[in-house]
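So this one's work-v4.cif, mmCIF, C-alpha atoms:
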```cif
data_start
#
loop_
_atom_site.label_atom_id
_atom_site.label_comp_id
_atom_site.auth_asym_id
_atom_site.auth_seq_id
_atom_site.Cartn_x
_atom_site.Cartn_y
_atom_site.Cartn_z
CA MET X 450 85.62 55.53 61.96
CA SER X 451 81.87 55.52 61.34
CA LYS X 452 80.04 52.36 60.30
CA PRO X 453 77.95 52.27 57.12
CA ILE X 454 74.19 52.13 57.72
CA VAL X 455 72.03 49.65 55.82
CA ALA X 456 68.23 50.04 55.95
CA ILE X 457 65.81 47.24 55.01
CA VAL X 458 62.63 48.81 53.61
CA GLY X 459 59.54 47.67 51.76
CA ARG X 460 55.80 47.44 52.17
CA PRO X 461 54.40 45.59 55.21
CA ASN X 462 54.64 41.82 55.58
CA VAL X 463 57.25 41.05 52.93
CA GLY X 464 59.65 39.48 55.47
CA LYS X 465 61.94 42.35 56.46
CA SER X 466 62.18 41.36 60.13
CA THR X 467 62.85 37.71 59.28
CA LEU X 468 65.73 38.75 57.03
CA PHE X 469 67.03 41.13 59.71
CA ASN X 470 67.03 38.34 62.30
CA LYS X 471 68.72 35.94 59.86
CA ILE X 472 71.54 38.39 59.05
CA THR X 473 72.13 39.57 62.61
CA GLY X 474 71.92 36.05 63.98
CA LYS X 475 69.62 37.20 66.76
CA ARG X 476 65.88 37.10 67.27
CA ILE X 477 65.64 40.86 67.81
CA SER X 478 62.66 41.85 65.70
CA ILE X 479 59.23 40.45 66.48
CA VAL X 480 58.16 38.18 63.63
CA GLU X 481 54.46 37.59 63.09
CA ASP X 482 52.41 36.93 59.99
CA THR X 483 50.46 40.15 60.41
CA PRO X 484 51.22 43.38 58.54
CA GLY X 485 52.58 46.18 60.69
CA VAL X 486 54.10 44.17 63.55
CA THR X 487 57.45 45.98 63.36
CA ARG X 488 56.37 49.49 64.29
CA ASP X 489 59.75 50.83 65.34
CA ARG X 490 63.07 50.66 63.62
CA ILE X 491 65.39 48.09 65.18
CA TYR X 492 69.19 48.42 64.99
CA SER X 493 72.00 45.92 65.17
CA ASP X 494 75.72 45.89 64.41
CA CYS X 495 76.73 43.31 61.81
CA GLU X 496 79.87 42.30 59.95
CA TRP X 497 80.41 41.07 56.39
CA ARG X 498 83.71 40.44 54.62
CA GLY X 499 85.57 42.05 57.51
CA ARG X 500 83.58 45.28 57.40
CA GLN X 501 81.32 46.30 60.27
CA PHE X 502 78.03 48.04 59.54
CA THR X 503 74.77 48.96 61.27
CA MET X 504 71.57 47.38 59.99
CA ILE X 505 68.16 48.97 60.51
CA ASP X 506 64.94 46.98 60.32
CA THR X 507 62.04 49.31 59.53
CA GLY X 508 58.28 49.12 59.69
CA GLY X 509 56.57 48.64 56.35
CA ILE X 510 55.92 51.53 53.99
CA GLU X 511 52.29 51.92 53.04
CA PRO X 512 52.42 54.70 50.42
CA LYS X 513 48.79 55.82 50.76
CA THR X 514 47.08 55.28 54.09
CA ASP X 515 44.87 57.08 56.57
CA ASP X 516 45.84 54.69 59.34
CA MET X 517 47.81 56.63 61.98
CA ILE X 518 50.08 53.70 62.89
CA LEU X 519 50.91 52.91 59.25
CA ALA X 520 51.59 56.61 58.64
CA MET X 521 53.98 56.64 61.61
CA MET X 522 55.72 53.52 60.28
CA ARG X 523 56.15 55.24 56.92
CA MET X 524 57.68 58.27 58.63
CA GLN X 525 60.17 56.11 60.51
CA SER X 526 61.13 54.32 57.31
CA GLU X 527 61.70 57.67 55.61
CA ILE X 528 64.03 58.71 58.44
CA ALA X 529 65.95 55.45 58.08
CA ILE X 530 66.22 55.98 54.30
CA GLN X 531 67.43 59.53 54.79
CA HIS X 532 70.38 58.43 56.93
CA ALA X 533 71.25 55.12 55.27
CA ASP X 534 74.29 54.53 53.09
CA VAL X 535 72.67 51.55 51.32
CA ILE X 536 69.01 50.53 51.06
CA ILE X 537 67.77 46.96 50.73
CA PHE X 538 64.37 47.18 49.02
CA MET X 539 62.52 43.97 49.85
CA THR X 540 59.64 42.64 47.77
CA ASP X 541 57.58 39.44 47.98
CA MET X 542 57.51 36.93 45.11
CA LYS X 543 54.42 35.17 46.47
CA THR X 544 52.27 38.29 46.16
CA GLY X 545 54.08 39.45 43.04
CA LEU X 546 54.85 42.98 41.95
CA THR X 547 52.23 45.37 43.37
CA ALA X 548 51.29 48.99 42.83
CA SER X 549 52.62 49.71 46.34
CA ASP X 550 56.01 48.25 45.35
CA MET X 551 56.08 50.64 42.37
CA GLU X 552 55.30 53.63 44.58
CA VAL X 553 57.93 52.64 47.14
CA SER X 554 60.50 52.30 44.36
CA TYR X 555 59.70 55.84 43.14
CA MET X 556 60.26 57.13 46.68
CA LEU X 557 63.57 55.28 46.98
CA LYS X 558 64.83 56.57 43.64
CA LYS X 559 64.25 60.13 44.85
CA SER X 560 66.61 59.47 47.77
CA ARG X 561 69.49 58.98 45.27
CA LYS X 562 70.90 56.30 47.60
CA PRO X 563 72.31 52.96 46.39
CA ILE X 564 69.44 50.45 46.27
CA VAL X 565 69.76 46.66 46.30
CA LEU X 566 66.55 44.98 45.13
CA CYS X 567 65.69 41.84 47.09
CA VAL X 568 62.91 39.44 46.11
CA ASN X 569 61.98 37.41 49.18
CA LYS X 570 60.15 34.11 49.62
CA VAL X 571 61.94 32.40 46.73
CA ASP X 572 61.87 29.25 48.84
CA GLY X 573 62.07 26.53 46.21
CA VAL X 574 65.21 24.91 44.83
CA GLY X 575 66.18 24.58 41.20
CA ASN X 576 65.25 27.00 38.44
CA THR X 577 64.08 30.51 39.28
CA PRO X 578 60.28 30.82 38.86
CA PRO X 579 59.08 32.97 35.93
CA GLU X 580 57.31 35.35 38.34
CA PHE X 581 60.72 36.46 39.62
CA TYR X 582 61.52 38.30 36.41
CA GLU X 583 58.60 40.73 36.65
CA PHE X 584 60.55 42.61 39.35
CA TYR X 585 62.90 43.91 36.64
CA ASN X 586 60.02 46.29 35.87
CA LEU X 587 60.96 48.30 38.96
CA GLY X 588 63.98 49.60 37.07
CA LEU X 589 66.39 48.97 39.94
CA GLY X 590 68.75 46.59 38.23
CA ASP X 591 69.14 42.85 38.82
CA PRO X 592 66.96 41.57 41.66
CA ILE X 593 68.48 39.10 44.12
CA ALA X 594 66.44 36.03 45.05
CA VAL X 595 66.34 35.38 48.79
CA SER X 596 64.56 33.13 51.23
CA SER X 597 64.74 34.97 54.55
CA VAL X 598 63.24 31.94 56.32
CA HIS X 599 65.89 29.49 55.08
CA GLY X 600 68.71 32.01 54.65
CA SER X 601 69.40 31.14 51.01
CA GLY X 602 70.61 34.05 48.92
CA THR X 603 71.59 36.21 51.88
CA GLY X 604 75.29 35.93 51.04
CA ASP X 605 74.69 37.23 47.51
CA LEU X 606 72.54 40.00 48.98
CA LEU X 607 75.23 41.12 51.43
CA ASP X 608 77.87 40.97 48.69
CA ALA X 609 75.76 43.39 46.65
CA VAL X 610 75.30 45.65 49.67
CA PHE X 611 79.05 45.53 50.41
CA GLU X 612 79.85 46.86 46.93
CA HIS X 613 78.03 50.10 47.79
CA PHE X 614 79.75 50.77 51.11
CA PRO X 615 81.66 54.06 51.24
CA GLU X 616 85.41 53.74 51.45
CA GLU X 617 86.83 53.39 54.94
CA GLN X 618 88.33 56.62 56.21
CA GLU X 619 90.28 57.15 59.37
CA GLU X 620 89.32 60.03 61.65
CA ALA X 621 91.26 63.15 60.75
CA THR X 622 91.68 64.13 64.39
CA ASP X 623 95.00 64.79 66.12
CA ASP X 624 96.20 62.03 68.42
CA ASP X 625 96.10 64.38 71.42
CA THR X 626 92.54 65.51 70.72
CA ILE X 627 89.87 64.01 72.97
CA LYS X 628 86.71 63.10 71.06
CA VAL X 629 83.62 63.76 73.18
CA ALA X 630 80.11 62.52 72.38
CA VAL X 631 77.34 64.44 74.13
CA ILE X 632 74.55 61.87 74.16
CA GLY X 633 71.11 61.52 75.67
CA LYS X 634 67.45 61.56 74.84
CA PRO X 635 65.93 64.49 72.93
CA ASN X 636 65.43 67.71 74.87
CA SER X 637 67.91 66.80 77.59
CA GLY X 638 70.01 69.87 76.79
CA LYS X 639 72.71 68.61 74.40
CA SER X 640 72.43 71.61 72.10
CA SER X 641 72.30 74.02 75.02
CA LEU X 642 75.47 72.57 76.51
CA ILE X 643 77.44 72.79 73.26
CA ASN X 644 76.14 76.32 72.64
CA ARG X 645 77.17 77.30 76.18
CA ILE X 646 80.64 75.85 75.61
CA LEU X 647 81.02 77.74 72.34
CA GLY X 648 79.76 80.93 73.91
CA GLU X 649 82.22 80.80 76.79
CA GLU X 650 85.29 79.39 75.04
CA ARG X 651 87.28 82.02 73.16
CA LEU X 652 89.81 79.57 71.67
CA LEU X 653 87.42 77.94 69.25
CA VAL X 654 89.44 76.43 66.42
CA SER X 655 86.92 75.63 63.71
CA ASP X 656 83.73 73.85 62.71
CA ILE X 657 84.49 70.87 60.50
CA ALA X 658 82.22 68.38 58.81
CA GLY X 659 82.13 65.13 60.74
CA THR X 660 82.17 61.65 59.29
CA THR X 661 78.64 61.11 60.54
CA ARG X 662 76.28 62.48 57.93
CA ASP X 663 74.74 65.88 58.68
CA ALA X 664 76.59 66.17 61.99
CA ILE X 665 79.03 68.95 62.73
CA ASP X 666 82.08 68.20 64.85
CA THR X 667 83.08 71.22 66.91
CA GLN X 668 86.72 71.64 67.88
CA VAL X 669 87.64 73.50 71.04
CA GLU X 670 91.05 74.18 72.57
CA ASN X 671 91.63 75.56 76.06
CA GLU X 672 93.93 75.17 79.06
CA TYR X 673 92.77 71.57 79.51
CA GLY X 674 93.68 70.47 75.97
CA LYS X 675 92.10 69.90 72.56
CA PHE X 676 88.56 68.56 72.31
CA THR X 677 86.29 67.54 69.46
CA PHE X 678 82.60 67.55 70.39
CA ILE X 679 80.67 65.11 68.24
CA ASP X 680 77.25 66.57 67.60
CA THR X 681 74.31 64.35 68.47
CA ALA X 682 72.07 67.36 68.99
CA GLY X 683 70.78 67.58 65.44
CA ILE X 684 67.40 66.31 66.59
CA ARG X 685 65.58 69.14 68.33
CA ARG X 686 62.12 68.67 69.67
CA LYS X 687 59.78 71.51 70.54
CA SER X 688 56.50 71.02 72.38
CA LYS X 689 56.07 67.44 71.18
CA VAL X 690 58.28 64.81 69.63
CA THR X 691 57.18 61.97 67.39
CA GLU X 692 58.06 58.39 68.17
CA ALA X 693 60.22 58.34 65.05
CA VAL X 694 62.46 61.17 66.26
CA GLU X 695 62.80 59.53 69.67
CA HIS X 696 64.07 56.31 68.14
CA TYR X 697 66.33 57.97 65.60
CA SER X 698 68.02 59.89 68.41
CA VAL X 699 69.12 56.56 69.90
CA LEU X 700 70.78 55.47 66.64
CA ARG X 701 72.42 58.88 66.32
CA SER X 702 73.82 58.51 69.83
CA TYR X 703 75.10 54.99 69.14
CA MET X 704 76.99 56.20 66.08
CA ALA X 705 78.55 59.02 68.10
CA VAL X 706 79.58 56.65 70.90
CA ASP X 707 81.50 54.48 68.42
CA ARG X 708 83.65 57.46 67.42
CA ALA X 709 84.16 58.94 70.89
CA ASP X 710 86.80 58.64 73.62
CA VAL X 711 84.52 60.14 76.28
CA CYS X 712 80.72 60.03 76.48
CA VAL X 713 78.90 62.82 78.31
CA VAL X 714 75.46 61.42 79.13
CA MET X 715 72.94 64.24 79.51
CA ILE X 716 70.15 63.54 82.00
CA ASP X 717 67.18 65.88 82.30
CA ALA X 718 66.85 66.64 86.03
CA SER X 719 63.26 67.80 85.57
CA GLU X 720 62.27 64.39 84.14
CA GLY X 721 64.50 62.21 86.29
CA ILE X 722 66.40 59.16 85.08
CA THR X 723 64.51 57.33 82.32
CA GLU X 724 64.90 53.93 80.69
CA GLN X 725 66.30 55.58 77.57
CA ASP X 726 69.03 57.23 79.67
CA THR X 727 70.14 53.84 80.97
CA LYS X 728 70.00 52.24 77.51
CA ILE X 729 72.20 54.90 75.91
CA SER X 730 74.62 54.83 78.85
CA GLY X 731 74.71 51.03 78.71
CA TYR X 732 75.87 51.18 75.09
CA ALA X 733 78.74 53.49 76.08
CA HIS X 734 79.65 51.10 78.91
CA GLU X 735 79.64 48.05 76.60
CA ALA X 736 81.75 49.97 74.08
CA GLY X 737 84.39 50.55 76.78
CA LYS X 738 84.19 54.34 76.69
CA ALA X 739 84.93 56.76 79.51
CA VAL X 740 81.61 58.08 80.83
CA ILE X 741 80.43 61.17 82.72
CA LEU X 742 76.83 61.44 83.90
CA VAL X 743 75.76 65.06 83.58
CA VAL X 744 72.50 66.03 85.28
CA ASN X 745 71.27 69.10 83.42
CA LYS X 746 68.56 71.69 84.22
CA TRP X 747 69.53 71.59 87.90
CA ASP X 748 68.43 75.23 88.12
CA LEU X 749 64.80 74.14 87.57
CA ILE X 750 64.72 71.82 90.57
CA GLU X 751 63.33 72.94 93.92
CA LYS X 752 66.07 71.99 96.31
CA ASP X 753 66.77 71.47 99.96
CA ASP X 754 69.89 70.15 101.66
CA LYS X 755 69.05 66.54 100.66
CA THR X 756 67.98 66.96 97.01
CA MET X 757 71.36 66.26 95.39
CA GLN X 758 72.04 63.40 97.78
CA GLU X 759 68.72 61.77 96.87
CA PHE X 760 69.40 62.18 93.15
CA ARG X 761 72.85 60.60 93.59
CA LYS X 762 71.18 57.63 95.31
CA ASP X 763 68.86 57.26 92.31
CA ILE X 764 71.90 57.36 89.99
CA ALA X 765 73.62 54.68 92.09
CA VAL X 766 70.61 52.36 91.74
CA LYS X 767 69.76 52.89 88.07
CA PHE X 768 73.38 53.04 86.89
CA SER X 769 74.65 50.32 89.24
CA TYR X 770 76.45 48.60 86.35
CA MET X 771 78.67 51.67 85.91
CA SER X 772 79.32 52.81 89.46
CA TYR X 773 82.71 54.09 88.25
CA ALA X 774 81.10 56.97 86.33
CA PRO X 775 81.36 60.38 88.03
CA SER X 776 78.32 62.66 88.02
CA LEU X 777 78.13 66.43 87.60
CA PHE X 778 75.08 68.61 88.25
CA ILE X 779 74.90 71.56 85.87
CA SER X 780 72.66 74.07 84.17
CA ALA X 781 73.59 74.53 80.51
CA LYS X 782 71.18 77.47 80.42
CA THR X 783 72.79 79.48 83.24
CA GLY X 784 76.28 78.01 82.93
CA GLN X 785 76.26 76.62 86.48
CA ARG X 786 79.26 74.25 86.93
CA VAL X 787 79.76 73.91 83.14
CA HIS X 788 83.35 75.13 83.61
CA LYS X 789 84.10 71.94 85.59
CA LEU X 790 83.22 69.72 82.65
CA PHE X 791 86.48 70.10 80.66
CA GLU X 792 88.63 69.16 83.66
CA LEU X 793 86.45 66.10 84.26
CA ILE X 794 86.53 65.08 80.57
CA LYS X 795 90.33 65.29 80.54
CA PHE X 796 90.51 63.30 83.79
CA VAL X 797 88.32 60.38 82.70
CA ALA X 798 90.00 60.27 79.26
CA ASP X 799 93.37 59.88 81.00
CA GLN X 800 91.92 57.16 83.23
CA ASN X 801 90.49 55.33 80.19
CA SER X 802 93.91 55.31 78.52
CA MET X 803 95.95 54.54 81.68
CA ARG X 804 98.62 51.86 81.43
CA ILE X 805 99.93 50.18 84.59
CA PRO X 806 103.38 48.49 84.57
CA THR X 807 103.28 44.70 84.89
CA GLY X 808 105.61 44.63 87.91
CA ILE X 809 103.40 46.99 89.91
CA LEU X 810 100.28 45.03 88.90
CA ASN X 811 101.73 41.79 90.22
CA GLU X 812 102.84 43.40 93.48
CA LEU X 813 99.21 44.50 93.94
CA LEU X 814 98.02 41.01 92.99
CA ALA X 815 100.27 39.40 95.60
CA ARG X 816 98.99 41.72 98.35
CA ALA X 817 95.36 41.21 97.29
CA THR X 818 95.53 37.40 97.26
CA THR X 819 97.30 37.40 100.64
CA ARG X 820 94.66 39.66 102.17
CA VAL X 821 91.71 37.67 100.77
CA GLN X 822 92.45 34.07 99.91
CA PRO X 823 91.23 32.89 96.46
CA PRO X 824 88.14 30.65 96.59
CA THR X 825 88.14 26.86 96.72
CA ASP X 826 85.77 24.32 95.23
CA LYS X 827 85.74 20.61 96.17
CA GLY X 828 89.12 20.94 97.79
CA LYS X 829 90.76 22.68 94.84
CA ARG X 830 91.93 26.25 95.40
CA LEU X 831 92.15 28.95 92.76
CA LYS X 832 95.70 30.15 92.13
CA VAL X 833 96.06 33.56 90.53
CA LEU X 834 99.46 33.25 88.89
CA TYR X 835 100.14 36.42 86.95
CA MET X 836 98.52 39.58 85.61
CA THR X 837 99.42 41.98 82.83
CA GLN X 838 97.66 44.81 81.03
CA ALA X 839 96.84 43.94 77.43
CA SER X 840 95.40 47.23 76.18
CA THR X 841 93.83 50.57 77.03
CA LYS X 842 90.55 52.30 76.13
CA PRO X 843 89.30 50.62 78.24
CA PRO X 844 92.04 49.26 80.53
CA THR X 845 92.04 45.52 79.81
CA PHE X 846 93.91 43.05 81.99
CA VAL X 847 94.88 39.44 81.27
CA ILE X 848 94.91 37.24 84.37
CA PHE X 849 96.53 33.79 84.29
CA VAL X 850 95.06 31.22 86.72
CA ASN X 851 95.33 27.50 87.37
CA ASP X 852 91.59 26.90 86.80
CA ALA X 853 89.38 29.45 85.04
CA GLU X 854 86.18 27.94 86.43
CA LEU X 855 87.32 28.72 89.98
CA PHE X 856 87.81 32.41 89.16
CA HIS X 857 84.29 33.40 90.15
CA PHE X 858 82.76 36.77 89.34
CA SER X 859 82.86 37.83 93.00
CA TYR X 860 86.64 37.35 93.24
CA GLN X 861 87.12 39.07 89.89
CA ARG X 862 85.15 42.03 91.28
CA TYR X 863 87.43 41.99 94.34
CA ILE X 864 90.54 42.18 92.16
CA GLU X 865 88.95 44.99 90.12
CA ASN X 866 88.17 46.92 93.30
CA GLN X 867 91.77 46.52 94.46
CA ILE X 868 93.05 47.89 91.14
CA ARG X 869 90.63 50.82 91.29
CA GLU X 870 91.54 51.51 94.92
CA SER X 871 95.24 51.70 94.03
CA PHE X 872 95.12 53.41 90.63
CA GLY X 873 91.78 55.18 90.47
CA LEU X 874 90.47 54.31 87.01
CA GLU X 875 87.50 56.58 87.71
CA GLY X 876 85.12 57.14 84.84
CA THR X 877 86.18 54.08 82.83
CA PRO X 878 85.05 50.46 82.67
CA VAL X 879 87.65 47.77 83.28
CA ARG X 880 87.86 44.51 81.32
CA PHE X 881 89.37 41.18 82.35
CA ILE X 882 90.51 38.31 80.14
CA VAL X 883 90.99 35.10 82.12
CA ARG X 884 93.56 32.63 80.83
CA GLN X 885 93.97 29.16 82.30
CA ARG X 886 97.53 27.88 82.59
CA GLY X 887 98.20 25.98 79.39
CA ASP X 888 95.66 28.01 77.38
CA ASN X 889 96.91 29.74 74.26
#
```
Output the structure of this file as structure tokens.
Amino acid sequence: MSKPIVAIVGRPNVGKSTLFNKITGKRISIVEDTPGVTRDRIYSDCEWRGRQFTMIDTGGIEPKTDDMILAMMRMQSEIAIQHADVIIFMTDMKTGLTASDMEVSYMLKKSRKPIVLCVNKVDGVGNTPPEFYEFYNLGLGDPIAVSSVHGSGTGDLLDAVFEHFPEEQEEATDDDTIKVAVIGKPNSGKSSLINRILGEERLLVSDIAGTTRDAIDTQVENEYGKFTFIDTAGIRRKSKVTEAVEHYSVLRSYMAVDRADVCVVMIDASEGITEQDTKISGYAHEAGKAVILVVNKWDLIEKDDKTMQEFRKDIAVKFSYMSYAPSLFISAKTGQRVHKLFELIKFVADQNSMRIPTGILNELLARATTRVQPPTDKGKRLKVLYMTQASTKPPTFVIFVNDAELFHFSYQRYIENQIRESFGLEGTPVRFIVRQRGDN
């Protein structure tokens, strides 16, 4: 199920980042009383009235400018508008209605997206100032008075946004179909991999419209099962890529991860592992998805007998937080090792949905605590009383102990390693919920 996207837009310095931080409850965007501070779009998952959505904070729109940075900010805002479900158009009561506000409103109307007009910096209490009513001239319906600094009016604003959310729709995918997101930075070979898969697989079922706007979900069936590849390859860069495209590709990948069972992280071997690779992979890890690290363009690398070993060492360092993830070195262009991908996808998907019987878990727990005694602190020893699996995708275990504070991270890691050693769980994160005896 995809989350609605809400974009906050407006000219520079009207308070968009302050509102974003207030709604998300985090100080994510840089706030400074200088126009143009937010140069990149910032994303955050939010929830209102039980509905999750993704909020985008954009740089200000300066309709007519020769300044390169302001022009780039405008381009990023246009990309956010293009892919938003609802737009919050923020204006500033202290400066009043400006010609730039009028031009931005014309641009927003052309998008044909639902627009919620927000008048910021209505900081006083009592009657609404007369200046507020001039914003009706924008022709966007009733404006909503907000103070992003104090937070007043934000509930009314989110209620108005909520009314424009598309209806929730469940994925129309068969239960036995594995949803695969091919994610990664632009030009890492996502399109080439999917095209190679489609070119080699003769049991292609169909191309169906995905729930993510302008993406195409590709269904494939072969001897390993049914697969739906969620397209994140709609952004293609040629010789150069703008900053805006680079950042939008991250949002596109995040949306795909939310819908996926397995995430195939494409790494460009010719560029090495970048910060953006680790950020995108980290999101998949936090979301509890099965992950495969695919090193593409391996055919372009000059190799000796130690090249792959050295690259694996680099993976181990930069992806240390997800040491469970298997890696595969391929060439989407030549087809080298691509045939191994389906078997690996099926394997990690099974691991991600594995369920271990409670009796077997507690036999393992008894052996593990006998082999390595639980830690003590000030004469009090940790007792690990019982363990059961609460859920899958990812495998999540509830452990009951006598004192939760004694269950240190290092011993938790030991228990996790024992579970992995016995049952595999390769390619999937593992979660633990610690319950103290007497806790609900």
Exercise. Please indicate the distance in Å from atom CA of X:Ala718 to atom CA of X:Phe760, rounded to one decimal place.
Key: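 Those two atoms sit 8.8 Å apart.
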Quiz item: Closest to X:Phe872 among X:Asn801, X:Ser596, X:Ser776, X:Thr626, using only C-alpha atoms?
Solution: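 Distance minimum relative to X:Phe872 lands on X:Asn801.
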Practice problem: Run the PyMOL selection byres ((chain X and resi 771) around 9) mentally over the shown coordinates, then write out the matched residues as a list of chain:residue names, using the chain letters and numbers from the document. | Solution: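 Answer for the PyMOL selection byres ((chain X and resi 771) around 9): X:Ser730, X:Gly731, X:His734, X:Val740, X:Ala765, X:Phe768, X:Ser769, X:Tyr770, X:Ser772, X:Tyr773, X:Ala774, X:Gly876, X:Thr877, X:Pro878.
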Practice problem: Might you pull out every residue within 9 Å of X:Asp852, with all atoms listed in the file counted and same-chain residues fewer than 5 positions away left off, and present them as a list in words? | Solution: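 The filter keeps Arg830, Leu831, Lys832, Val833, Arg884, Gln885 and Arg886 of chain X.
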Quiz item: In Å, how far is it from atom CA of X:Gly459 to atom CA of X:Trp497?
Solution: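 Distance reported for this atom pair: 22.4 Å.
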For stretch 761-768 of chain X, where the input has fewer atoms than it should, I would like all heavy atoms rebuilt and written as a PDB file, in the frame of the given file.
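Output below, filename out23.pdb:
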```pdb
ATOM      1  N   ARG X 761      71.666  61.471  93.709  1.00  0.00           N
ATOM      2  CA  ARG X 761      72.850  60.600  93.590  1.00  0.00           C
ATOM      3  C   ARG X 761      72.496  59.155  93.955  1.00  0.00           C
ATOM      4  O   ARG X 761      73.018  58.215  93.356  1.00  0.00           O
ATOM      5  CB  ARG X 761      73.974  61.119  94.486  1.00  0.00           C
ATOM      6  CG  ARG X 761      74.647  62.388  93.985  1.00  0.00           C
ATOM      7  CD  ARG X 761      75.896  62.687  94.790  1.00  0.00           C
ATOM      8  NE  ARG X 761      76.455  63.988  94.481  1.00  0.00           N
ATOM      9  CZ  ARG X 761      77.242  64.252  93.431  1.00  0.00           C
ATOM     10  NH1 ARG X 761      77.547  63.262  92.597  1.00  0.00           N
ATOM     11  NH2 ARG X 761      77.715  65.464  93.222  1.00  0.00           N
ATOM     12  N   LYS X 762      71.624  58.975  94.950  1.00  0.00           N
ATOM     13  CA  LYS X 762      71.180  57.630  95.310  1.00  0.00           C
ATOM     14  C   LYS X 762      70.438  56.975  94.154  1.00  0.00           C
ATOM     15  O   LYS X 762      70.613  55.789  93.873  1.00  0.00           O
ATOM     16  CB  LYS X 762      70.277  57.687  96.549  1.00  0.00           C
ATOM     17  CG  LYS X 762      71.011  57.943  97.855  1.00  0.00           C
ATOM     18  CD  LYS X 762      70.032  57.948  99.028  1.00  0.00           C
ATOM     19  CE  LYS X 762      70.748  58.231 100.351  1.00  0.00           C
ATOM     20  NZ  LYS X 762      69.778  58.289 101.479  1.00  0.00           N
ATOM     21  N   ASP X 763      69.601  57.775  93.465  1.00  0.00           N
ATOM     22  CA  ASP X 763      68.860  57.260  92.310  1.00  0.00           C
ATOM     23  C   ASP X 763      69.823  56.869  91.189  1.00  0.00           C
ATOM     24  O   ASP X 763      69.655  55.835  90.537  1.00  0.00           O
ATOM     25  CB  ASP X 763      67.871  58.321  91.820  1.00  0.00           C
ATOM     26  CG  ASP X 763      66.787  57.730  90.919  1.00  0.00           C
ATOM     27  OD1 ASP X 763      66.476  56.528  91.078  1.00  0.00           O
ATOM     28  OD2 ASP X 763      66.259  58.466  90.062  1.00  0.00           O
ATOM     29  N   ILE X 764      70.861  57.677  90.986  1.00  0.00           N
ATOM     30  CA  ILE X 764      71.900  57.360  89.990  1.00  0.00           C
ATOM     31  C   ILE X 764      72.579  56.040  90.357  1.00  0.00           C
ATOM     32  O   ILE X 764      72.799  55.173  89.507  1.00  0.00           O
ATOM     33  CB  ILE X 764      72.932  58.500  89.896  1.00  0.00           C
ATOM     34  CG1 ILE X 764      72.323  59.724  89.200  1.00  0.00           C
ATOM     35  CG2 ILE X 764      74.182  58.033  89.151  1.00  0.00           C
ATOM     36  CD1 ILE X 764      73.235  60.937  89.193  1.00  0.00           C
ATOM     37  N   ALA X 765      72.913  55.885  91.640  1.00  0.00           N
ATOM     38  CA  ALA X 765      73.620  54.680  92.090  1.00  0.00           C
ATOM     39  C   ALA X 765      72.801  53.425  91.833  1.00  0.00           C
ATOM     40  O   ALA X 765      73.349  52.371  91.490  1.00  0.00           O
ATOM     41  CB  ALA X 765      73.957  54.798  93.569  1.00  0.00           C
ATOM     42  N   VAL X 766      71.481  53.518  91.955  1.00  0.00           N
ATOM     43  CA  VAL X 766      70.610  52.360  91.740  1.00  0.00           C
ATOM     44  C   VAL X 766      70.446  52.069  90.257  1.00  0.00           C
ATOM     45  O   VAL X 766      70.639  50.942  89.797  1.00  0.00           O
ATOM     46  CB  VAL X 766      69.229  52.597  92.403  1.00  0.00           C
ATOM     47  CG1 VAL X 766      68.245  51.502  91.994  1.00  0.00           C
ATOM     48  CG2 VAL X 766      69.367  52.648  93.919  1.00  0.00           C
ATOM     49  N   LYS X 767      70.100  53.102  89.481  1.00  0.00           N
ATOM     50  CA  LYS X 767      69.760  52.890  88.070  1.00  0.00           C
ATOM     51  C   LYS X 767      70.992  52.736  87.173  1.00  0.00           C
ATOM     52  O   LYS X 767      70.891  52.196  86.078  1.00  0.00           O
ATOM     53  CB  LYS X 767      68.863  54.017  87.583  1.00  0.00           C
ATOM     54  CG  LYS X 767      67.496  53.978  88.265  1.00  0.00           C
ATOM     55  CD  LYS X 767      66.584  55.091  87.811  1.00  0.00           C
ATOM     56  CE  LYS X 767      65.225  54.959  88.496  1.00  0.00           C
ATOM     57  NZ  LYS X 767      64.341  56.108  88.219  1.00  0.00           N
ATOM     58  N   PHE X 768      72.135  53.222  87.636  1.00  0.00           N
ATOM     59  CA  PHE X 768      73.380  53.040  86.890  1.00  0.00           C
ATOM     60  C   PHE X 768      74.344  52.179  87.694  1.00  0.00           C
ATOM     61  O   PHE X 768      75.551  52.408  87.668  1.00  0.00           O
ATOM     62  CB  PHE X 768      74.023  54.395  86.575  1.00  0.00           C
ATOM     63  CG  PHE X 768      73.231  55.262  85.634  1.00  0.00           C
ATOM     64  CD1 PHE X 768      72.435  56.275  86.135  1.00  0.00           C
ATOM     65  CD2 PHE X 768      73.265  55.059  84.274  1.00  0.00           C
ATOM     66  CE1 PHE X 768      71.695  57.090  85.285  1.00  0.00           C
ATOM     67  CE2 PHE X 768      72.540  55.862  83.409  1.00  0.00           C
ATOM     68  CZ  PHE X 768      71.744  56.882  83.918  1.00  0.00           C
TER      69      PHE X 768
END
```
